[in-house]
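A short write-up of the structure that comes next.
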Amino acid sequence: MDFIFTDDQRQLRDALRGYLARNNGFSVRTATARSASGWSDSLWRGLAGDLGILGLLAPEAARGIGGNATDMMVVMEELGANLLVEPYLETAVIGASAFGAAHAAELAGIATGDLRIAFAWAEAGTRFDRLPRDTIALRTTVGWRLDGGKIVVTAAPMATHFLVTARIGDEPALFLVEAGATGISQHAFPTIDGRRAADVTLDAVAVPDGALVARGGEAIERLCDIATAMLGAEALGVMRVMLDDTIAFTKERRQFGQAIASFQVLQHRMVDMYMQLELATSAVYRAVLSLDAEPVERARAVSAMKVMVAAACRFIGQNAIQLHGGMGMTDEVAVTHYFRRATVIESEFGSADWHRRRFAALSRAA
Amino acid sequence: MDIAWSAEEVAFQGEVRAFLGDKLTDDLRASGAHMTSVYADPGHARAWQAILHEKGWVAPAWPVEHGGTGWSLAQRYIWQRERIAAGAPPVSPMGVQMCGPAIIGHGSDEQKAFFLPRMLSGEHFWCQGYSETGSGSDLASLQCRAEEDGDDLIVTGQKLWSTHAHAANWGFFLVRTATLDRPQKGITFLLIDMTSPGVTVVPTVSPAGENIQNEIFLDAVRVPKANVVGAIGDGWTVAKYLLEFERGGAAYAPGLQIDLDEIKQFASEVRGDEGGRLIDDAAFADAIAQARIDVMALEIFEFRAMSDAGAGRYPHAIPSLMKIRGTELQQRITELRLLAAGRYGMAYQPQAGVSAGPVHFPHGEDAFVGPREAAIAPMRYVSERAASIYAGTNEIQRNIIAKIMGL
């Protein structure tokens, strides 16, 4: 048993933290989020070229680094602490995990920064269920035809490609579709955490044979579990900043002639925030270290993690705002931006209720 | 003891419903029902106030001689419930509920004659100037200075969290006219014409992207001493009177009950985690049931407070208890709305609702995706975090109760 980060991982963390502080500080990041496109091409190129982390999970043969899940956890936590708005999770985690040897060109495209991926899985009629219901793939003479609709597809407006879940008969499957393909239309909008998303309609979208990336429910469940675990890692960074900022603010803010951090009721609140973060961190470690386990064990660890992380995001987020007092209700202070990201993370890839039910169902079956 | 409304009260409810049914236009109804925060937008609030003014129902809590309705506490409760249920926007509280009582209790005859009718008609739209950068929970430490100069006061300083100051033409302020042994001494309650030279209003953008609050800068603003309410240096007394005026009249439960009705309706129209309707999911149904149980208890607590106040008794812990519990439940209900919204609760679509001020974050125009309730849910969730902070944080309210309990 070993829960110590390697020297390489520590160096990766430090390098990334320094790079993001220099190139994507709070004001830069906020300006990017509110720009017309909602993302920064130069930062994206930097993640690919200067840092090489877009190809972290891609094999070396496909111009990647061949890193493991723990490496990725380190990266995601730092991206969370920086509130990065670019589609790193969708591209470098979900994309890189979806593609196998048959899609070496796409893996290389991820590593070089040429591909930006959006994961189109949620449908209006499925709530948080991961498998497609109303998006259908039909065999054609030259490949496949896709019809259906996806809701709140994160990063869709800035994506070069979509990974779309669709049914082949009763079998769930995953397809790669170019964002500009004929028959795709988007209704784009911002999300409350300053990102971009779209409702996406697929109307007789024709894709070639090679667009079929994976078949079977387990492939999609696995992909969603990887995404959820890494989202949890991102949440740790988001929560760490909220806790640190709250501690710093309450030490500085004076009322009734003393720092408000000296009031016991606020001390205990911050202790509870700290405890929630430590337990959420532990749950994330278990989930990340279980990603290669057999499906039920993996799924239970991930769902257990999401329940913990959702509760911690809510408790730490709400109390970070509360302890900032009036300042916590302004756009000026960073903590309110982290609060909004934490709020999105709570329900992304399934609410706490959804994951608690999944955990219970898996536990009954086990 | 009797838990039922009297025949007169039931008849009054019918009269209120008939009035609301007659006078509420679709536009006004939407402006109240689709609010993205607890605040109505000033335009709709004033339009509705004009209709209420014609009927004489703007200020139910005021004494009849100043334009009040003469309603009992029970009638005021019924009015509030029916107004919210019908979707009418609230009248801005800054004038009628806050500054008005201060003038009624401590103002001069000239102030009453000038300000009260204009407050009722909506000609004067009010904002508040209390908090400062260094004075939030510790309000009495405020530093905004007012120096005497003949018949005038010269005011210099800064104020924060002033709701709708950008739309207001009058403001009521707490300013420091003297520094004495206790911070509560030497504070003066002052009415300031917001169009005076030296007044600058700077928008504060909320985490929901809306400009509802503002910062006010006062640079040597000349204000006639005739605008002091009460005596110079006696502003703390006036401010405390203002806080106590509405005791027994404020109630959270009516709005909370209607919120829960709306969520139940919405949850019966969207899919849940178990494949059927959300309202049939065990976890969601339990959460709604718990909220309903909490609101039912608060409702009877508020009835008891109302009944006690009617009998001349009003324990001092009551307003703090109601503020804590009422705002906690308001916040809980926004969590339930967000839960019901599902994935669409991630989208930023203020255009689906009615914002109480200009929206500063990028967003779409008229069209929006998903149900309107889902689009409004995250706006309300984020905005409502303010409820446990404003008007004395819930931590401060607990301190007040602890003191009253003799701890």
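Quick note on naming: the chains in the structure tokens go A, B, ... in the order shown, residues restart at 1 in each chain, and ligands are numbered from 1 in order of appearance.
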
Could you give me the residues within segment 137-291 of chain B that DSSP places in alpha helix (DSSP H), as a PyMOL selection string?
chain B and resi 235-245+253-267+282-291

Surrounding residues of Gly70 of chain B excluding itself and chain neighbours under 3 positions, 10 Å, only C-alpha atoms, as JSON, numbers by chain = {"B": [57, 59, 60, 61, 62, 63, 64, 65, 67, 73, 75, 76]}

Quick one: write out the picked residues with N, CA, C and O atoms as a PDB file, in the first residue's frame?
```
ATOM      1  N   TRP B  57     -53.894  49.619  -1.223  1.00  0.00           N
ATOM      2  CA  TRP B  57     -53.325  48.406  -0.614  1.00  0.00           C
ATOM      3  C   TRP B  57     -51.802  48.343  -0.686  1.00  0.00           C
ATOM      4  O   TRP B  57     -51.217  47.267  -0.597  1.00  0.00           O
ATOM      5  N   ALA B  59     -49.511  49.592   1.464  1.00  0.00           N
ATOM      6  CA  ALA B  59     -48.794  49.471   2.735  1.00  0.00           C
ATOM      7  C   ALA B  59     -49.702  48.924   3.834  1.00  0.00           C
ATOM      8  O   ALA B  59     -50.137  49.652   4.726  1.00  0.00           O
ATOM      9  N   PRO B  60     -49.998  47.625   3.788  1.00  0.00           N
ATOM     10  CA  PRO B  60     -50.932  47.043   4.764  1.00  0.00           C
ATOM     11  C   PRO B  60     -50.508  47.256   6.221  1.00  0.00           C
ATOM     12  O   PRO B  60     -51.367  47.339   7.101  1.00  0.00           O
ATOM     13  N   ALA B  61     -49.207  47.370   6.484  1.00  0.00           N
ATOM     14  CA  ALA B  61     -48.755  47.442   7.875  1.00  0.00           C
ATOM     15  C   ALA B  61     -48.806  48.862   8.435  1.00  0.00           C
ATOM     16  O   ALA B  61     -48.632  49.059   9.631  1.00  0.00           O
ATOM     17  N   TRP B  62     -49.005  49.853   7.592  1.00  0.00           N
ATOM     18  CA  TRP B  62     -49.010  51.233   8.089  1.00  0.00           C
ATOM     19  C   TRP B  62     -50.314  51.564   8.826  1.00  0.00           C
ATOM     20  O   TRP B  62     -51.365  51.003   8.521  1.00  0.00           O
ATOM     21  N   PRO B  63     -50.238  52.521   9.747  1.00  0.00           N
ATOM     22  CA  PRO B  63     -51.475  53.018  10.374  1.00  0.00           C
ATOM     23  C   PRO B  63     -52.407  53.606   9.304  1.00  0.00           C
ATOM     24  O   PRO B  63     -51.934  54.172   8.311  1.00  0.00           O
ATOM     25  N   VAL B  64     -53.694  53.464   9.530  1.00  0.00           N
ATOM     26  CA  VAL B  64     -54.680  53.905   8.535  1.00  0.00           C
ATOM     27  C   VAL B  64     -54.515  55.384   8.189  1.00  0.00           C
ATOM     28  O   VAL B  64     -54.635  55.783   7.019  1.00  0.00           O
ATOM     29  N   GLU B  65     -54.193  56.229   9.194  1.00  0.00           N
ATOM     30  CA  GLU B  65     -54.124  57.668   8.913  1.00  0.00           C
ATOM     31  C   GLU B  65     -52.997  58.023   7.942  1.00  0.00           C
ATOM     32  O   GLU B  65     -53.010  59.072   7.330  1.00  0.00           O
ATOM     33  N   GLY B  67     -52.235  55.940   5.389  1.00  0.00           N
ATOM     34  CA  GLY B  67     -52.461  55.222   4.124  1.00  0.00           C
ATOM     35  C   GLY B  67     -52.416  53.714   4.260  1.00  0.00           C
ATOM     36  O   GLY B  67     -52.364  53.000   3.257  1.00  0.00           O
ATOM     37  N   LEU B  73     -53.457  41.274  11.559  1.00  0.00           N
ATOM     38  CA  LEU B  73     -52.266  40.508  11.180  1.00  0.00           C
ATOM     39  C   LEU B  73     -52.648  39.309  10.321  1.00  0.00           C
ATOM     40  O   LEU B  73     -51.964  38.956   9.373  1.00  0.00           O
ATOM     41  N   GLN B  75     -55.184  39.088   8.306  1.00  0.00           N
ATOM     42  CA  GLN B  75     -55.508  39.553   6.946  1.00  0.00           C
ATOM     43  C   GLN B  75     -54.243  39.858   6.151  1.00  0.00           C
ATOM     44  O   GLN B  75     -54.162  39.573   4.955  1.00  0.00           O
ATOM     45  N   ARG B  76     -53.254  40.433   6.843  1.00  0.00           N
ATOM     46  CA  ARG B  76     -51.982  40.715   6.155  1.00  0.00           C
ATOM     47  C   ARG B  76     -51.309  39.418   5.698  1.00  0.00           C
ATOM     48  O   ARG B  76     -50.714  39.353   4.621  1.00  0.00           O
TER      49      ARG B  76
END
```

Contacts of segment 232-234 of chain B at 9 Å (only C-alpha atoms; same-chain gap of 5+ positions) as a list in words
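Those residues are Arg176, Thr177, Ala178, Gln184, Lys185, Gly186, Ile187, Thr188, Phe189, Leu190 and Lys225 of chain B.
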
Give me, as a VMD selection string, the residues of chain A touching chain B, with the criterion being at most 8 Å (counting only C-alpha atoms).
chain A and resid 34 125 to 129 151 to 152 187 189 to 193 197 199 254 to 256 265 318 321 to 322 325 to 326 329 to 332 336 to 337 340 344 347 to 348 351 353 to 354

Create the file for the chosen residues now, containing N, CA, C and O atoms and written as a compact mmCIF listing (two decimals), in the first residue's frame.
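To be explicit, this is the file written out as result_14.txt:
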```txt
# COMPACT_ATOMS: atom_id res chain seq x y z
N ARG A 34 -15.41 34.85 -20.76
CA ARG A 34 -16.43 35.81 -21.23
C ARG A 34 -16.15 36.31 -22.65
O ARG A 34 -16.84 37.20 -23.13
N GLY A 125 -34.52 12.62 -22.35
CA GLY A 125 -35.36 11.59 -21.76
C GLY A 125 -34.65 10.61 -20.87
O GLY A 125 -35.23 9.60 -20.46
N THR A 126 -33.36 10.84 -20.57
CA THR A 126 -32.64 9.84 -19.77
C THR A 126 -32.14 10.37 -18.44
O THR A 126 -31.53 9.64 -17.67
N ARG A 127 -32.38 11.67 -18.17
CA ARG A 127 -31.88 12.31 -16.95
C ARG A 127 -30.40 11.99 -16.76
O ARG A 127 -29.60 12.40 -17.60
N PHE A 128 -29.98 11.23 -15.74
CA PHE A 128 -28.55 10.98 -15.54
C PHE A 128 -28.10 9.61 -16.05
O PHE A 128 -26.93 9.27 -15.93
N ASP A 129 -29.05 8.82 -16.58
CA ASP A 129 -28.63 7.51 -17.10
C ASP A 129 -27.66 7.70 -18.24
O ASP A 129 -27.82 8.59 -19.08
N ILE A 151 -28.44 16.75 -24.90
CA ILE A 151 -28.65 18.01 -24.18
C ILE A 151 -27.42 18.40 -23.37
O ILE A 151 -26.66 17.56 -22.91
N VAL A 152 -27.27 19.71 -23.23
CA VAL A 152 -26.20 20.32 -22.43
C VAL A 152 -24.88 19.59 -22.67
O VAL A 152 -24.26 19.05 -21.75
N HIS A 187 -27.65 24.43 -30.47
CA HIS A 187 -28.16 25.63 -29.79
C HIS A 187 -27.21 25.87 -28.62
O HIS A 187 -27.26 25.17 -27.61
N PHE A 189 -25.08 27.83 -25.54
CA PHE A 189 -25.35 28.72 -24.39
C PHE A 189 -24.20 28.59 -23.41
O PHE A 189 -23.47 27.58 -23.41
N PRO A 190 -24.00 29.59 -22.54
CA PRO A 190 -23.01 29.44 -21.47
C PRO A 190 -23.57 28.56 -20.36
O PRO A 190 -24.79 28.37 -20.26
N THR A 191 -22.69 28.02 -19.54
CA THR A 191 -23.13 27.33 -18.33
C THR A 191 -22.85 28.23 -17.12
O THR A 191 -22.11 29.21 -17.24
N ILE A 192 -23.42 27.90 -15.98
CA ILE A 192 -23.34 28.82 -14.84
C ILE A 192 -21.92 28.96 -14.31
O ILE A 192 -21.62 29.89 -13.57
N ASP A 193 -21.02 28.04 -14.69
CA ASP A 193 -19.64 28.13 -14.24
C ASP A 193 -18.74 28.77 -15.29
O ASP A 193 -17.52 28.66 -15.21
N ALA A 197 -21.75 25.31 -23.59
CA ALA A 197 -22.38 24.03 -23.89
C ALA A 197 -23.40 24.25 -24.99
O ALA A 197 -23.63 25.38 -25.41
N ASP A 199 -27.20 22.30 -26.78
CA ASP A 199 -28.07 21.18 -27.12
C ASP A 199 -27.76 20.86 -28.58
O ASP A 199 -27.70 21.76 -29.42
N ARG A 254 -11.98 41.88 9.73
CA ARG A 254 -12.18 42.22 11.15
C ARG A 254 -13.57 42.80 11.36
O ARG A 254 -14.02 43.65 10.60
N GLN A 255 -14.24 42.32 12.39
CA GLN A 255 -15.51 42.88 12.84
C GLN A 255 -15.49 42.80 14.36
O GLN A 255 -14.89 41.90 14.93
N PHE A 256 -16.16 43.75 15.02
CA PHE A 256 -16.19 43.80 16.49
C PHE A 256 -14.77 43.82 17.05
O PHE A 256 -14.49 43.23 18.09
N VAL A 265 -17.51 29.71 16.34
CA VAL A 265 -18.51 29.12 15.45
C VAL A 265 -17.97 29.08 14.01
O VAL A 265 -18.26 28.14 13.26
N GLN A 318 -21.02 26.30 -0.21
CA GLN A 318 -21.98 27.17 0.47
C GLN A 318 -21.33 27.90 1.64
O GLN A 318 -21.59 29.09 1.87
N ILE A 321 -18.98 30.77 0.62
CA ILE A 321 -19.75 31.99 0.34
C ILE A 321 -20.19 32.64 1.65
O ILE A 321 -20.02 33.83 1.88
N GLN A 322 -20.75 31.82 2.54
CA GLN A 322 -21.29 32.35 3.80
C GLN A 322 -20.22 33.08 4.59
O GLN A 322 -20.45 34.16 5.13
N GLY A 325 -19.26 36.47 3.66
CA GLY A 325 -20.27 37.50 3.90
C GLY A 325 -20.70 38.16 2.60
O GLY A 325 -20.79 37.49 1.57
N GLY A 326 -20.95 39.45 2.64
CA GLY A 326 -21.40 40.17 1.45
C GLY A 326 -20.47 39.99 0.28
O GLY A 326 -20.91 39.88 -0.87
N MET A 329 -21.13 37.44 -2.28
CA MET A 329 -22.22 37.63 -3.23
C MET A 329 -21.82 38.61 -4.33
O MET A 329 -22.68 39.27 -4.92
N THR A 330 -20.52 38.69 -4.62
CA THR A 330 -20.08 39.52 -5.74
C THR A 330 -19.28 38.68 -6.73
O THR A 330 -18.67 37.68 -6.37
N ASP A 331 -19.26 39.15 -7.96
CA ASP A 331 -18.48 38.51 -9.02
C ASP A 331 -17.00 38.82 -8.87
O ASP A 331 -16.16 38.19 -9.50
N GLU A 332 -16.68 39.82 -8.01
CA GLU A 332 -15.30 40.29 -7.88
C GLU A 332 -14.38 39.24 -7.27
O GLU A 332 -13.22 39.14 -7.65
N THR A 336 -16.47 33.01 -5.55
CA THR A 336 -17.81 32.82 -6.11
C THR A 336 -17.75 32.08 -7.45
O THR A 336 -18.68 31.38 -7.82
N HIS A 337 -16.66 32.23 -8.18
CA HIS A 337 -16.48 31.48 -9.43
C HIS A 337 -16.24 29.99 -9.13
O HIS A 337 -16.75 29.12 -9.83
N ARG A 340 -19.51 28.32 -8.21
CA ARG A 340 -20.36 27.96 -9.35
C ARG A 340 -19.84 26.69 -10.04
O ARG A 340 -20.61 25.85 -10.47
N VAL A 344 -21.81 22.98 -10.45
CA VAL A 344 -21.96 22.18 -11.67
C VAL A 344 -21.42 20.77 -11.46
O VAL A 344 -22.05 19.78 -11.86
N SER A 347 -23.69 17.86 -9.97
CA SER A 347 -24.63 17.04 -10.74
C SER A 347 -24.04 16.51 -12.04
O SER A 347 -24.65 15.65 -12.68
N GLU A 348 -22.87 16.99 -12.46
CA GLU A 348 -22.27 16.49 -13.71
C GLU A 348 -21.99 14.99 -13.58
O GLU A 348 -21.48 14.53 -12.56
N SER A 351 -26.15 13.05 -10.24
CA SER A 351 -26.29 13.67 -8.92
C SER A 351 -25.92 12.68 -7.82
O SER A 351 -25.77 11.48 -8.07
N ASP A 353 -27.92 11.66 -5.53
CA ASP A 353 -29.04 10.70 -5.45
C ASP A 353 -28.87 9.57 -6.47
O ASP A 353 -29.08 8.40 -6.17
N TRP A 354 -28.51 9.97 -7.69
CA TRP A 354 -28.37 8.98 -8.76
C TRP A 354 -27.26 7.98 -8.43
O TRP A 354 -27.41 6.77 -8.56
```

| Can you tell me, as JSON, numbers by chain, what residues are no more than 12 Å from segment 299-304 of chain A when counting only C-alpha atoms, ignoring any on the same chain fewer than 3 positions away? | {"A": [218, 220, 221, 222, 223, 224, 225, 226, 227, 228, 229, 230, 231, 232, 233, 279, 280, 281, 282, 283, 284, 285, 286, 287, 288, 289, 290, 291, 292, 293, 294, 295, 296, 307, 308, 309, 310, 311, 349, 350, 351, 352, 353, 354, 355, 356, 357, 358, 359, 360, 361, 362, 363, 364, 365, 366]}

Kindly save the residues from that selection, with C-alpha atoms included, as a short mmCIF file (atom, residue, chain, number, x, y, z; two decimals), in the first residue's frame.
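Final output, saved to result14.cif:
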```
data_model
loop_
_atom_site.label_atom_id
_atom_site.label_comp_id
_atom_site.auth_asym_id
_atom_site.auth_seq_id
_atom_site.Cartn_x
_atom_site.Cartn_y
_atom_site.Cartn_z
CA GLU A 218 -19.82 -1.61 -20.39
CA ILE A 220 -19.72 3.50 -22.13
CA GLU A 221 -20.11 2.87 -18.40
CA ARG A 222 -16.33 2.53 -18.10
CA LEU A 223 -15.75 5.74 -20.01
CA CYS A 224 -18.24 7.60 -17.82
CA ASP A 225 -16.62 6.17 -14.67
CA ILE A 226 -13.20 7.39 -15.79
CA ALA A 227 -14.67 10.83 -16.55
CA THR A 228 -16.48 10.95 -13.21
CA ALA A 229 -13.37 9.94 -11.26
CA MET A 230 -11.31 12.66 -12.95
CA LEU A 231 -14.07 15.18 -12.41
CA GLY A 232 -13.79 14.24 -8.73
CA ALA A 233 -10.06 14.97 -8.89
CA LEU A 279 -12.73 12.57 3.14
CA ALA A 280 -13.61 13.56 -0.41
CA THR A 281 -9.91 13.30 -1.27
CA SER A 282 -9.81 9.79 0.16
CA ALA A 283 -12.87 8.79 -1.86
CA VAL A 284 -11.26 10.17 -5.03
CA TYR A 285 -8.08 8.16 -4.39
CA ARG A 286 -10.10 4.97 -4.05
CA ALA A 287 -12.03 5.71 -7.25
CA VAL A 288 -8.95 6.58 -9.29
CA LEU A 289 -7.07 3.53 -8.05
CA SER A 290 -10.08 1.32 -8.89
CA LEU A 291 -10.47 2.38 -12.51
CA ASP A 292 -8.75 -0.77 -13.76
CA ALA A 293 -10.60 -3.08 -11.35
CA GLU A 294 -13.40 -5.35 -12.49
CA PRO A 295 -16.52 -3.39 -13.51
CA VAL A 296 -18.62 -3.72 -10.33
CA VAL A 307 -21.72 10.95 -3.46
CA MET A 308 -18.94 12.17 -1.16
CA VAL A 309 -17.64 14.76 -3.60
CA ALA A 310 -21.11 16.17 -4.32
CA ALA A 311 -21.78 16.60 -0.59
CA PHE A 349 -22.21 12.77 -14.64
CA GLY A 350 -24.98 12.13 -12.12
CA SER A 351 -26.29 13.67 -8.92
CA ALA A 352 -25.56 12.30 -5.46
CA ASP A 353 -29.04 10.70 -5.45
CA TRP A 354 -28.37 8.98 -8.76
CA HIS A 355 -25.01 7.61 -7.64
CA ARG A 356 -26.36 6.53 -4.25
CA ARG A 357 -29.04 4.48 -6.05
CA ARG A 358 -26.44 3.03 -8.41
CA PHE A 359 -24.19 2.11 -5.48
CA ALA A 360 -27.09 0.45 -3.68
CA ALA A 361 -28.11 -1.52 -6.78
CA LEU A 362 -24.53 -2.69 -7.40
CA SER A 363 -24.14 -3.64 -3.74
CA ARG A 364 -27.34 -5.69 -3.80
CA ALA A 365 -26.15 -7.52 -6.91
CA ALA A 366 -22.63 -8.10 -5.56
#
```

* Just the strand (DSSP E or B) stuff from segment 81-180 of chain B, please, per backbone DSSP, written as a list of chain:residue names. =>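 Written out, the strand (DSSP E or B) residues of segment 81-180 of chain B are B:Trp126, B:Cys127, B:Gln128, B:Gly129, B:Glu132, B:Ser135, B:Arg145, B:Ala146, B:Glu147, B:Glu148, B:Asp149, B:Asp152, B:Leu153, B:Ile154, B:Val155, B:Thr156, B:Gly157, B:Gln158, B:Lys159, B:Trp170, B:Gly171, B:Phe172, B:Phe173, B:Leu174, B:Val175, B:Arg176.
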
Separating atom CA of Ala312 of chain A from atom CA of Ala291 of chain B, to the nearest tenth of an Å, is a gap of 21.2 Å

Give me, as a JSON list (two decimals) with N, CA and C atoms, in the first residue's frame, all polymer residues having an atom no more than 10 Å from Thr30 of chain A, counting only C-alpha atoms and skipping those fewer than 4 positions away in the same chain.
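Generated output (out.json):
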```
[["chain", "number", "residue", "atom", "x", "y", "z"],
["A", 24, "ASN", "N", -2.63, 31.62, -16.98],
["A", 24, "ASN", "CA", -4.09, 31.55, -16.87],
["A", 24, "ASN", "C", -4.53, 31.98, -15.47],
["A", 25, "GLY", "N", -4.01, 33.13, -15.04],
["A", 25, "GLY", "CA", -4.41, 33.67, -13.75],
["A", 25, "GLY", "C", -5.89, 34.03, -13.76],
["A", 26, "PHE", "N", -6.41, 34.41, -12.59],
["A", 26, "PHE", "CA", -7.86, 34.58, -12.45],
["A", 26, "PHE", "C", -8.45, 35.57, -13.46],
["A", 34, "ARG", "N", -15.41, 34.85, -20.76],
["A", 34, "ARG", "CA", -16.43, 35.81, -21.23],
["A", 34, "ARG", "C", -16.15, 36.31, -22.65],
["A", 35, "SER", "N", -15.14, 35.74, -23.29],
["A", 35, "SER", "CA", -14.85, 36.13, -24.67],
["A", 35, "SER", "C", -15.88, 35.48, -25.59],
["A", 38, "GLY", "N", -15.11, 31.72, -25.82],
["A", 38, "GLY", "CA", -15.19, 31.04, -24.53],
["A", 38, "GLY", "C", -14.02, 30.13, -24.22],
["A", 83, "LEU", "N", -9.42, 26.63, -12.28],
["A", 83, "LEU", "CA", -10.71, 26.84, -12.95],
["A", 83, "LEU", "C", -10.59, 26.89, -14.47],
["A", 84, "LEU", "N", -9.77, 26.05, -15.01],
["A", 84, "LEU", "CA", -9.58, 26.00, -16.46],
["A", 84, "LEU", "C", -10.92, 25.77, -17.17],
["A", 85, "VAL", "N", -11.21, 26.55, -18.22],
["A", 85, "VAL", "CA", -12.49, 26.38, -18.93],
["A", 85, "VAL", "C", -12.35, 25.57, -20.22],
["A", 194, "GLY", "N", -19.35, 29.47, -16.25],
["A", 194, "GLY", "CA", -18.56, 30.21, -17.21],
["A", 194, "GLY", "C", -18.01, 29.38, -18.35],
["A", 334, "ALA", "N", -12.80, 35.62, -6.29],
["A", 334, "ALA", "CA", -12.64, 34.35, -7.02],
["A", 334, "ALA", "C", -13.53, 33.26, -6.44],
["A", 337, "HIS", "N", -16.66, 32.23, -8.18],
["A", 337, "HIS", "CA", -16.48, 31.48, -9.43],
["A", 337, "HIS", "C", -16.24, 29.99, -9.13]]
```

Worksheet item: Quick one, how far is atom CA of Leu20 of chain A from atom CA of Leu47 of chain A?
Response: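 Going from atom CA of Leu20 of chain A over to atom CA of Leu47 of chain A, I get 9.4 Å.
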
| task | Give me the residues within 10 Å of Ile3 of chain B as a list in words, counting only C-alpha atoms and dropping any in the same chain fewer than 2 places off. | result | Met1, Trp5, Ser6, Ile300 and Phe303 of chain B

One residue among A:Arg167, A:Arg314, A:Arg195, A:Arg269 is nearest to Thr135 of chain A when using only C-alpha atoms, and that residue is A:Arg167

Please measure the separation of atom CA of Arg83 of chain B and atom CA of Asn214 of chain B, giving the value in Å to one decimal.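 Separating atom CA of Arg83 of chain B from atom CA of Asn214 of chain B is a distance of 27.9 Å.
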
Applying 7 Å and only C-alpha atoms, which residues near Gly32 of chain B remain after dropping the ones on its own chain fewer than 6 positions away? List them as a ChimeraX atom specification. /B:40,87-89

From the list A:Val28, A:Met239, A:Ile136, A:Ile53, which residue is nearest Thr165 of chain A when using only C-alpha atoms?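 Closest residue, counting only C-alpha atoms: A:Ile136.
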
| task | Have a look at B:Glu9, B:Ile104, B:Gly171, B:Gln158 and name the one nearest to Leu242 of chain B; count only C-alpha atoms. | result |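 Residue with the minimum atom-to-atom distance to Leu242 of chain B: B:Ile104.
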